[in-house]
file input_27.cif (mmCIF, C-alpha atoms)
data_protein
loop_
_atom_site.label_atom_id
_atom_site.label_comp_id
_atom_site.auth_asym_id
_atom_site.auth_seq_id
_atom_site.Cartn_x
_atom_site.Cartn_y
_atom_site.Cartn_z
CA MET A 1 2.12 -12.77 -53.86
CA LYS A 2 5.61 -11.32 -53.47
CA SER A 3 4.18 -8.71 -51.10
CA LEU A 4 2.80 -11.45 -48.84
CA GLN A 5 6.17 -13.21 -48.92
CA ARG A 6 7.93 -10.03 -47.82
CA ILE A 7 5.40 -9.47 -45.01
CA PHE A 8 5.79 -13.09 -43.92
CA ALA A 9 9.57 -12.76 -43.90
CA ILE A 10 9.41 -9.68 -41.66
CA VAL A 11 6.96 -11.46 -39.33
CA ILE A 12 9.36 -14.38 -39.00
CA LYS A 13 12.19 -11.94 -38.33
CA GLU A 14 10.22 -10.22 -35.54
CA LEU A 15 9.32 -13.53 -33.93
CA ARG A 16 12.94 -14.65 -33.96
CA GLN A 17 14.01 -11.35 -32.45
CA LEU A 18 11.43 -11.70 -29.67
CA SER A 19 12.57 -15.26 -28.98
CA ARG A 20 16.13 -13.95 -28.45
CA ASP A 21 14.92 -11.19 -26.12
CA ARG A 22 14.39 -13.26 -23.00
CA LEU A 23 13.22 -10.36 -20.84
CA THR A 24 10.53 -9.26 -23.29
CA PHE A 25 9.40 -12.84 -23.80
CA GLY A 26 9.24 -13.27 -20.04
CA MET A 27 7.04 -10.18 -19.74
CA ILE A 28 4.71 -11.46 -22.49
CA VAL A 29 4.13 -14.61 -20.46
CA GLY A 30 4.65 -13.20 -16.98
CA ILE A 31 2.27 -10.24 -16.95
CA PRO A 32 -0.88 -12.25 -17.91
CA ALA A 33 0.13 -15.02 -15.49
CA LEU A 34 0.71 -12.48 -12.71
CA GLN A 35 -2.67 -10.85 -13.30
CA LEU A 36 -4.41 -14.23 -13.26
CA VAL A 37 -2.75 -15.28 -10.00
CA LEU A 38 -3.34 -11.95 -8.28
CA PHE A 39 -6.99 -11.65 -9.23
CA GLY A 40 -7.68 -15.35 -8.78
CA TYR A 41 -6.00 -15.96 -5.44
CA ALA A 42 -4.71 -12.78 -3.83
CA ILE A 43 -7.63 -10.41 -4.40
CA ASN A 44 -10.56 -11.17 -2.16
CA MET A 45 -13.59 -8.89 -2.22
CA ASP A 46 -15.10 -10.77 0.73
CA VAL A 47 -13.18 -9.01 3.50
CA ARG A 48 -12.10 -11.21 6.39
CA HIS A 49 -9.69 -11.26 9.34
CA LEU A 50 -9.45 -7.52 9.90
CA SER A 51 -7.38 -6.55 12.92
CA ALA A 52 -9.49 -5.46 15.90
CA GLY A 53 -9.10 -4.57 19.55
CA VAL A 54 -11.40 -4.96 22.56
CA ALA A 55 -11.82 -2.93 25.71
CA ASP A 56 -14.11 -5.06 27.87
CA LEU A 57 -14.66 -3.17 31.10
CA SER A 58 -17.62 -5.34 32.06
CA GLN A 59 -15.81 -8.69 32.21
CA THR A 60 -19.04 -10.66 32.49
CA ALA A 61 -20.30 -13.79 30.78
CA ALA A 62 -22.65 -11.68 28.63
CA SER A 63 -19.86 -9.35 27.44
CA ARG A 64 -17.55 -12.26 26.65
CA GLN A 65 -20.34 -13.92 24.68
CA VAL A 66 -21.01 -10.88 22.51
CA ILE A 67 -17.27 -10.58 21.74
CA MET A 68 -17.19 -14.25 20.80
CA ASP A 69 -20.20 -13.80 18.52
CA MET A 70 -18.46 -10.97 16.66
CA ALA A 71 -15.20 -12.91 16.35
CA GLN A 72 -17.01 -15.96 14.96
CA THR A 73 -18.04 -13.96 11.90
CA GLN A 74 -14.32 -14.04 10.89
CA VAL A 75 -14.69 -10.47 9.68
CA ILE A 76 -12.46 -9.37 12.55
CA ASP A 77 -9.68 -10.98 14.54
CA ILE A 78 -9.28 -9.85 18.14
CA ASN A 79 -5.55 -9.05 18.23
CA TYR A 80 -5.38 -6.44 20.99
CA GLN A 81 -6.79 -5.99 24.48
CA ALA A 82 -7.18 -2.38 25.58
CA GLY A 83 -7.92 -0.75 28.90
CA ASP A 84 -10.27 1.95 27.67
CA VAL A 85 -11.64 3.67 24.58
CA PHE A 86 -8.65 6.05 24.41
CA GLU A 87 -6.26 3.13 24.04
CA LEU A 88 -8.42 1.75 21.25
CA GLU A 89 -8.27 5.12 19.50
CA SER A 90 -4.48 5.17 19.86
CA LEU A 91 -4.19 1.68 18.34
CA MET A 92 -6.41 2.78 15.46
CA ARG A 93 -4.39 5.95 14.87
CA GLN A 94 -1.21 3.85 14.64
CA GLY A 95 -2.87 1.58 12.09
CA LYS A 96 -2.68 -1.53 14.28
CA ILE A 97 -6.45 -2.04 14.28
CA VAL A 98 -9.31 -1.04 12.01
CA ALA A 99 -12.05 -1.78 14.52
CA GLY A 100 -12.47 -1.40 18.26
CA ILE A 101 -15.13 -2.89 20.52
CA TYR A 102 -15.77 -0.94 23.69
CA ILE A 103 -17.97 -2.55 26.35
CA PRO A 104 -18.69 -0.24 29.33
CA PRO A 105 -18.60 -1.41 32.97
CA ASP A 106 -22.42 -1.22 33.23
CA TYR A 107 -22.96 -3.37 30.14
CA GLU A 108 -25.54 -5.70 31.73
CA ARG A 109 -27.56 -2.80 33.10
CA ARG A 110 -27.60 -1.20 29.65
CA LEU A 111 -29.02 -4.41 28.21
CA LEU A 112 -32.13 -3.80 30.31
CA GLN A 113 -32.46 -0.27 28.92
CA PRO A 114 -33.23 -0.50 25.17
CA GLU A 115 -33.01 3.26 24.74
CA ARG A 116 -29.29 3.19 25.60
CA SER A 117 -26.52 1.70 23.50
CA ALA A 118 -24.79 -1.19 25.25
CA ILE A 119 -21.69 -1.36 23.04
CA GLN A 120 -19.58 1.10 21.09
CA LEU A 121 -18.12 -0.13 17.81
CA LEU A 122 -15.20 2.05 16.68
CA VAL A 123 -14.49 1.87 12.93
CA ASP A 124 -11.56 3.18 10.89
CA GLY A 125 -13.34 4.99 8.06
CA SER A 126 -10.18 5.83 6.11
CA ASP A 127 -10.90 2.71 4.01
CA THR A 128 -14.52 2.64 2.84
CA VAL A 129 -14.40 -1.11 2.08
CA VAL A 130 -13.26 -1.87 5.60
CA GLN A 131 -15.80 0.53 7.00
CA GLY A 132 -18.70 -1.34 5.41
CA ALA A 133 -17.35 -4.77 6.38
CA VAL A 134 -16.80 -3.88 10.04
CA ALA A 135 -20.21 -2.26 10.35
CA SER A 136 -21.78 -5.55 9.26
CA ILE A 137 -20.65 -7.33 12.42
CA ALA A 138 -23.06 -5.19 14.44
CA ARG A 139 -25.79 -7.54 13.23
CA SER A 140 -23.96 -10.66 14.42
CA ALA A 141 -24.46 -10.24 18.16
CA ARG A 142 -26.83 -12.78 19.65
CA ILE A 143 -30.08 -11.93 21.40
CA SER A 144 -29.65 -10.36 24.82
CA PRO A 145 -30.03 -12.81 27.72
CA TYR A 146 -32.35 -10.32 29.41
CA ASN A 147 -34.83 -9.67 26.59
CA ASP A 148 -35.60 -10.68 23.03
CA ARG A 149 -33.54 -7.92 21.45
CA PRO A 150 -29.88 -7.95 20.39
CA PRO A 151 -27.59 -5.54 22.23
CA ALA A 152 -27.90 -1.98 20.93
CA MET A 153 -24.66 -0.78 19.33
CA GLU A 154 -23.38 2.69 18.66
CA ILE A 155 -21.12 2.77 15.60
CA ARG A 156 -18.52 5.54 15.75
CA THR A 157 -16.75 6.11 12.42
CA TYR A 158 -13.38 7.86 12.56
CA TYR A 159 -11.48 9.87 9.93
CA ASN A 160 -14.10 9.63 7.17
CA PRO A 161 -17.63 9.50 8.63
CA GLU A 162 -19.14 10.75 5.35
CA ARG A 163 -17.66 7.70 3.53
CA ARG A 164 -16.24 9.86 0.73
CA SER A 165 -14.07 7.80 -1.60
CA PRO A 166 -11.61 10.61 -2.52
CA VAL A 167 -10.54 10.87 1.13
CA ASN A 168 -9.25 7.31 0.87
CA THR A 169 -8.13 7.39 -2.76
CA VAL A 170 -6.15 10.64 -3.06
CA PRO A 171 -3.41 9.80 -0.49
CA GLY A 172 -3.02 6.39 -2.12
CA LEU A 173 -2.70 7.96 -5.56
CA ILE A 174 0.47 9.66 -4.39
CA GLY A 175 2.02 6.22 -4.01
CA VAL A 176 0.77 5.01 -7.40
CA ILE A 177 2.06 8.10 -9.23
CA LEU A 178 5.45 8.05 -7.53
CA THR A 179 5.91 4.32 -8.09
CA MET A 180 5.20 4.64 -11.81
CA THR A 181 7.11 7.83 -12.57
CA MET A 182 10.13 7.54 -10.28
CA THR A 183 10.88 3.91 -11.15
CA MET A 184 10.38 4.46 -14.87
CA PHE A 185 12.29 7.74 -15.08
CA THR A 186 15.35 6.36 -13.33
CA ALA A 187 15.45 3.03 -15.15
CA VAL A 188 14.98 4.62 -18.56
CA ALA A 189 17.53 7.38 -17.87
CA ILE A 190 20.37 4.94 -17.13
CA VAL A 191 19.50 2.64 -20.03
CA ARG A 192 19.24 5.62 -22.39
CA GLU A 193 22.77 6.67 -21.47
CA ARG A 194 23.97 3.18 -22.30
CA GLU A 195 22.09 3.07 -25.61
CA ARG A 196 23.40 6.46 -26.74
CA GLY A 197 26.94 5.60 -25.82
CA ASN A 198 27.27 8.39 -23.27
CA LEU A 199 28.71 5.96 -20.75
CA GLU A 200 31.84 5.87 -22.93
CA LEU A 201 32.60 9.40 -21.82
CA LEU A 202 32.28 8.41 -18.18
CA ILE A 203 34.76 5.56 -18.47
CA THR A 204 37.68 7.97 -18.67
CA THR A 205 36.49 10.08 -15.73
CA PRO A 206 37.13 9.49 -12.02
CA VAL A 207 33.36 9.30 -11.35
CA ARG A 208 32.54 6.26 -9.25
CA SER A 209 29.47 4.05 -9.70
CA ALA A 210 27.84 5.25 -6.48
CA GLU A 211 28.50 8.89 -7.39
CA LEU A 212 27.05 8.45 -10.87
CA MET A 213 23.89 6.84 -9.54
CA LEU A 214 23.46 9.51 -6.88
CA ALA A 215 23.83 12.25 -9.48
CA LYS A 216 21.26 10.51 -11.68
CA ILE A 217 18.57 10.27 -9.02
CA LEU A 218 18.89 13.69 -7.35
CA PRO A 219 16.99 15.61 -10.08
CA TYR A 220 14.13 13.14 -9.86
CA VAL A 221 13.86 13.68 -6.11
CA PHE A 222 12.79 17.26 -6.77
CA ILE A 223 10.43 16.11 -9.53
CA GLY A 224 8.83 13.64 -7.14
CA LEU A 225 8.35 16.27 -4.44
CA LEU A 226 6.77 18.54 -7.05
CA GLN A 227 4.33 15.77 -7.95
CA VAL A 228 3.47 15.29 -4.28
CA THR A 229 2.76 19.01 -3.91
CA LEU A 230 0.54 18.93 -7.00
CA VAL A 231 -1.52 15.96 -5.80
CA LEU A 232 -1.91 17.37 -2.28
CA GLY A 233 -2.97 20.76 -3.60
CA LEU A 234 -5.49 19.40 -6.09
CA GLY A 235 -6.80 16.91 -3.53
CA ALA A 236 -7.50 19.66 -1.02
CA LEU A 237 -8.89 22.05 -3.63
CA LEU A 238 -11.10 19.68 -5.63
CA PHE A 239 -12.02 16.96 -3.13
CA ASP A 240 -11.55 18.63 0.25
CA VAL A 241 -9.18 15.90 1.45
CA PRO A 242 -8.19 16.70 5.05
CA LEU A 243 -4.62 16.89 6.36
CA ARG A 244 -4.74 15.79 9.99
CA GLY A 245 -1.00 15.32 10.39
CA THR A 246 1.76 17.83 9.80
CA LEU A 247 2.88 18.80 6.31
CA ILE A 248 6.50 18.24 7.29
CA ASP A 249 5.74 14.61 8.18
CA VAL A 250 3.98 14.14 4.84
CA TYR A 251 7.00 15.37 2.90
CA GLN A 252 9.40 13.30 4.98
CA VAL A 253 7.41 10.14 4.27
CA CYS A 254 7.15 11.01 0.57
CA LEU A 255 10.87 11.78 0.34
CA LEU A 256 11.74 8.38 1.78
CA PHE A 257 9.34 6.68 -0.63
CA ILE A 258 10.72 8.62 -3.60
CA ILE A 259 14.26 7.48 -2.77
CA ALA A 260 13.01 3.88 -2.41
CA ASN A 261 11.45 3.95 -5.88
CA LEU A 262 14.49 5.61 -7.42
CA ALA A 263 16.65 2.86 -5.92
CA LEU A 264 14.27 0.28 -7.36
CA GLY A 265 14.55 1.98 -10.74
CA LEU A 266 18.34 1.81 -10.54
CA VAL A 267 18.15 -1.94 -9.94
CA ALA A 268 15.85 -2.28 -12.96
CA SER A 269 18.30 -0.27 -15.08
CA THR A 270 21.06 -2.78 -14.33
CA ILE A 271 18.86 -5.59 -15.66
CA ALA A 272 17.19 -3.98 -18.69
CA GLN A 273 19.15 -3.68 -21.91
CA THR A 274 16.78 -1.31 -23.74
CA GLN A 275 14.43 1.51 -22.81
CA PHE A 276 11.49 -0.66 -23.83
CA GLN A 277 12.58 -3.36 -21.41
CA ALA A 278 12.96 -0.75 -18.66
CA MET A 279 9.37 0.39 -19.22
CA GLN A 280 8.17 -3.22 -19.20
CA MET A 281 9.86 -3.84 -15.87
CA THR A 282 8.27 -0.72 -14.44
CA PHE A 283 4.78 -1.98 -15.23
CA PHE A 284 5.72 -5.40 -13.89
CA ILE A 285 6.55 -3.71 -10.56
CA LEU A 286 3.57 -1.33 -10.67
CA LEU A 287 0.89 -4.00 -11.09
CA PRO A 288 1.46 -5.93 -7.84
CA SER A 289 2.15 -2.68 -6.03
CA ILE A 290 -1.33 -1.39 -6.85
CA LEU A 291 -3.14 -4.65 -6.16
CA LEU A 292 -1.31 -5.85 -3.04
CA SER A 293 -0.42 -2.64 -1.19
CA GLY A 294 -3.90 -1.98 0.20
CA PHE A 295 -4.58 0.84 -2.24
CA ILE A 296 -7.67 -0.88 -3.70
CA PHE A 297 -8.22 -4.02 -1.63
CA PRO A 298 -7.83 -4.21 2.19
CA PHE A 299 -4.49 -5.71 3.13
CA ASP A 300 -5.84 -7.72 6.06
CA GLY A 301 -8.38 -9.44 3.82
CA MET A 302 -5.73 -10.94 1.52
CA PRO A 303 -4.43 -14.51 1.81
CA ARG A 304 -1.29 -14.95 3.87
CA ALA A 305 0.89 -15.69 0.81
CA ALA A 306 -0.17 -12.43 -0.85
CA GLN A 307 0.55 -10.52 2.36
CA ILE A 308 4.08 -11.91 2.49
CA ILE A 309 4.74 -10.77 -1.08
CA ALA A 310 3.23 -7.36 -0.34
CA GLU A 311 5.57 -6.82 2.60
CA PHE A 312 8.49 -6.71 0.15
CA LEU A 313 6.89 -3.88 -1.84
CA PRO A 314 7.75 -0.34 -0.69
CA MET A 315 4.30 0.91 -1.69
CA THR A 316 2.67 -1.33 0.96
CA HIS A 317 4.52 0.47 3.74
CA PHE A 318 4.04 3.86 2.12
CA MET A 319 0.25 3.34 2.08
CA ARG A 320 0.29 2.74 5.83
CA LEU A 321 2.47 5.76 6.38
CA ILE A 322 0.71 8.29 4.16
CA ARG A 323 -2.80 7.33 5.26
CA GLY A 324 -1.65 7.30 8.86
CA VAL A 325 -0.24 10.82 8.64
CA ILE A 326 -2.82 12.46 6.34
CA LEU A 327 -6.04 10.77 7.44
CA ARG A 328 -5.43 9.61 11.00
CA GLY A 329 -3.04 12.32 12.17
CA ALA A 330 -0.44 9.82 13.36
CA SER A 331 3.06 11.04 14.14
CA LEU A 332 6.19 9.52 12.62
CA ALA A 333 7.12 8.18 16.05
CA GLU A 334 3.92 6.12 16.05
CA LEU A 335 4.78 4.74 12.59
CA TYR A 336 8.49 4.18 13.15
CA SER A 337 8.38 0.47 12.20
CA GLU A 338 7.19 1.27 8.66
CA LEU A 339 9.85 3.96 8.33
CA MET A 340 12.55 1.48 9.35
CA ILE A 341 11.37 -1.05 6.75
CA LEU A 342 11.52 1.57 3.99
CA GLY A 343 14.99 2.56 5.14
CA ILE A 344 16.18 -1.05 5.02
CA PHE A 345 14.67 -1.44 1.54
CA ILE A 346 16.54 1.64 0.29
CA LEU A 347 19.85 0.39 1.71
CA ALA A 348 19.39 -3.06 0.18
CA ALA A 349 18.28 -1.76 -3.24
CA MET A 350 21.09 0.79 -3.48
CA THR A 351 23.65 -1.86 -2.52
CA VAL A 352 22.39 -4.23 -5.20
CA ALA A 353 22.30 -1.46 -7.81
CA VAL A 354 25.86 -0.31 -7.10
CA LEU A 355 27.22 -3.86 -7.12
CA ARG A 356 25.50 -4.66 -10.41
CA PHE A 357 26.35 -1.42 -12.16
CA ASN A 358 29.40 -1.46 -14.34
CA LYS A 359 30.81 1.61 -16.06
CA ARG A 360 32.72 -0.49 -18.54
CA LEU A 361 31.15 -1.21 -21.92
CA ASP A 362 29.96 -4.75 -22.49
#
call {"tool": "encode", "arguments": {"input": "input_27.cif", "output": "structure tokens"}}
result
Amino acid sequence: MKSLQRIFAIVIKELRQLSRDRLTFGMIVGIPALQLVLFGYAINMDVRHLSAGVADLSQTAASRQVIMDMAQTQVIDINYQAGDVFELESLMRQGKIVAGIYIPPDYERRLLQPERSAIQLLVDGSDTVVQGAVASIARSARISPYNDRPPAMEIRTYYNPERRSPVNTVPGLIGVILTMTMTMFTAVAIVRERERGNLELLITTPVRSAELMLAKILPYVFIGLLQVTLVLGLGALLFDVPLRGTLIDVYQVCLLFIIANLALGLVASTIAQTQFQAMQMTFFILLPSILLSGFIFPFDGMPRAAQIIAEFLPMTHFMRLIRGVILRGASLAELYSELMILGIFILAAMTVAVLRFNKRLD
């Protein structure tokens, strides 16, 4: 009986301690709520409204009708008009479209020749989910006005014609690994210094807040680059993941993303009071990053509200950059807008971290 009383007393003590720890209590409630909202509203397996471009060289009533039929499926949204197939390929390489519809000048004559394809459907195969969804619109075209057959389509799949999942997954895993490790390492490192009392020694030194934070994150930059090298090497060795861009561009993109996550970890370290809280905050950041960045679910298929939230996550822009460089062979000049957004995020996060950091003991 006394043993049960002692156990009950400790249980009450733990509950009271949790009630005083507002951050931990918020995580207990917030993480299940966040998962429910994300999976219930933001995650949509029925892909819709994918960005597409059209190069209609025929400009006839029949060609306009077939484009309208494809757009009415709501699988694609016609956002770009191109002059030829090369412009469509350029838009796809830059990540602006995932599908391109090319209608040749002799479209109506091809309709009378069933052995020839009348339309070319260009598909970005770097995302296998998008690849399957876009290919389905080939069945949506109405019957040809010249015979009882729908227009014959040639589907051209770029970047991953074999539809191998590792080709799409491995570059994205770089973002997942760096988000988890870099954010956690930095946040825990600063909080650990505070818990151990090592910040007392820094109070009497001329080290400034910005200098201390910079010194804390530099070692993890090299660790992050080592992780990138490991993933790239294993991806090429085990899964034959291609590298269509330059290795220098890959490392430049990864370096920028590493710094962004380290800055995010510094902000978390100014909020968390314990190492456990720092780890909790890391997982709170990691969960939406995985689900909303386009790593698992196509970004264009998400509701508008989820897309707005995702635009504030550095991993969303990193996914576009790393897949653009590795899989599509895009240059950094073609992806400059995503680089600028990551740069702005780093500047904002570092500013917040420095302003919040205080070398004085509480």
call {"tool": "closest_atom_pairs", "arguments": {"input": "input_27.cif", "of": "range 202-265 of chain A", "to": "range 304-321 of chain A", "cutoff": "10 Å", "atoms": "all atoms listed in the file", "output": "JSON lines"}}
result
{"residue": "A:Asp249", "atom": "CA", "partner": "A:Leu321", "partner_atom": "CA", "distance": 9.6}
{"residue": "A:Val250", "atom": "CA", "partner": "A:Leu321", "partner_atom": "CA", "distance": 8.7}
{"residue": "A:Val253", "atom": "CA", "partner": "A:Leu321", "partner_atom": "CA", "distance": 6.9}
{"residue": "A:Cys254", "atom": "CA", "partner": "A:Phe318", "partner_atom": "CA", "distance": 7.9}
{"residue": "A:Leu256", "atom": "CA", "partner": "A:Phe318", "partner_atom": "CA", "distance": 8.9}
{"residue": "A:Phe257", "atom": "CA", "partner": "A:Phe318", "partner_atom": "CA", "distance": 6.6}
{"residue": "A:Ile258", "atom": "CA", "partner": "A:Pro314", "partner_atom": "CA", "distance": 9.9}
{"residue": "A:Ala260", "atom": "CA", "partner": "A:Pro314", "partner_atom": "CA", "distance": 7.0}
{"residue": "A:Asn261", "atom": "CA", "partner": "A:Pro314", "partner_atom": "CA", "distance": 7.7}
{"residue": "A:Leu264", "atom": "CA", "partner": "A:Pro314", "partner_atom": "CA", "distance": 9.3}
call {"tool": "residues_near_point", "arguments": {"input": "input_27.cif", "point": "(14.5, 15.1, -10.1)", "cutoff": "12 Å", "atoms": "all atoms listed in the file", "output": "ChimeraX atom specification"}}
result
/A:178,181-183,185-186,189,214-227,255,258-259,262
call {"tool": "residues_around", "arguments": {"input": "input_27.cif", "residues": "range 107-122 of chain A", "least_positions_apart": "6", "cutoff": "10 Å", "atoms": "only C-alpha atoms", "output": "ChimeraX atom specification"}}
result
/A:52-63,66,85,88-89,92,97-101,131,134-135,137-138,144-147,149-158
call {"tool": "atom_distance", "arguments": {"input": "input_27.cif", "atom1": "CA of Asp124 in chain A", "atom2": "CA of Gln94 in chain A"}}
result
11.0 Å
call {"tool": "closest_atom_pairs", "arguments": {"input": "input_27.cif", "of": "range 67-171 of chain A", "to": "range 322-332 of chain A", "cutoff": "8 Å", "atoms": "all atoms listed in the file", "output": "Markdown table"}}
result
| residue | atom | partner | partner_atom | distance |
| --- | --- | --- | --- | --- |
| A:Arg93 | CA | A:Arg328 | CA | 5.4 |
| A:Gln94 | CA | A:Ala330 | CA | 6.2 |
| A:Gly95 | CA | A:Gly324 | CA | 6.7 |
| A:Ser126 | CA | A:Leu327 | CA | 6.6 |
| A:Tyr159 | CA | A:Leu327 | CA | 6.1 |
| A:Val167 | CA | A:Leu327 | CA | 7.8 |
| A:Asn168 | CA | A:Arg323 | CA | 7.8 |
| A:Pro171 | CA | A:Arg323 | CA | 6.3 |
call {"tool": "atom_distance", "arguments": {"input": "input_27.cif", "atom1": "CA of Ser293 in chain A", "atom2": "CA of Val176 in chain A"}}
result
9.9 Å
call {"tool": "atom_distance", "arguments": {"input": "input_27.cif", "atom1": "CA of Phe276 in chain A", "atom2": "CA of Arg194 in chain A"}}
result
13.1 Å
call {"tool": "resolve_selection", "arguments": {"input": "input_27.cif", "expression": "the PyMOL selection byres ((chain A and resi 273) around 10)", "output": "ChimeraX atom specification"}}
result
/A:21,23,188,190-192,194-195,268-272,274-278
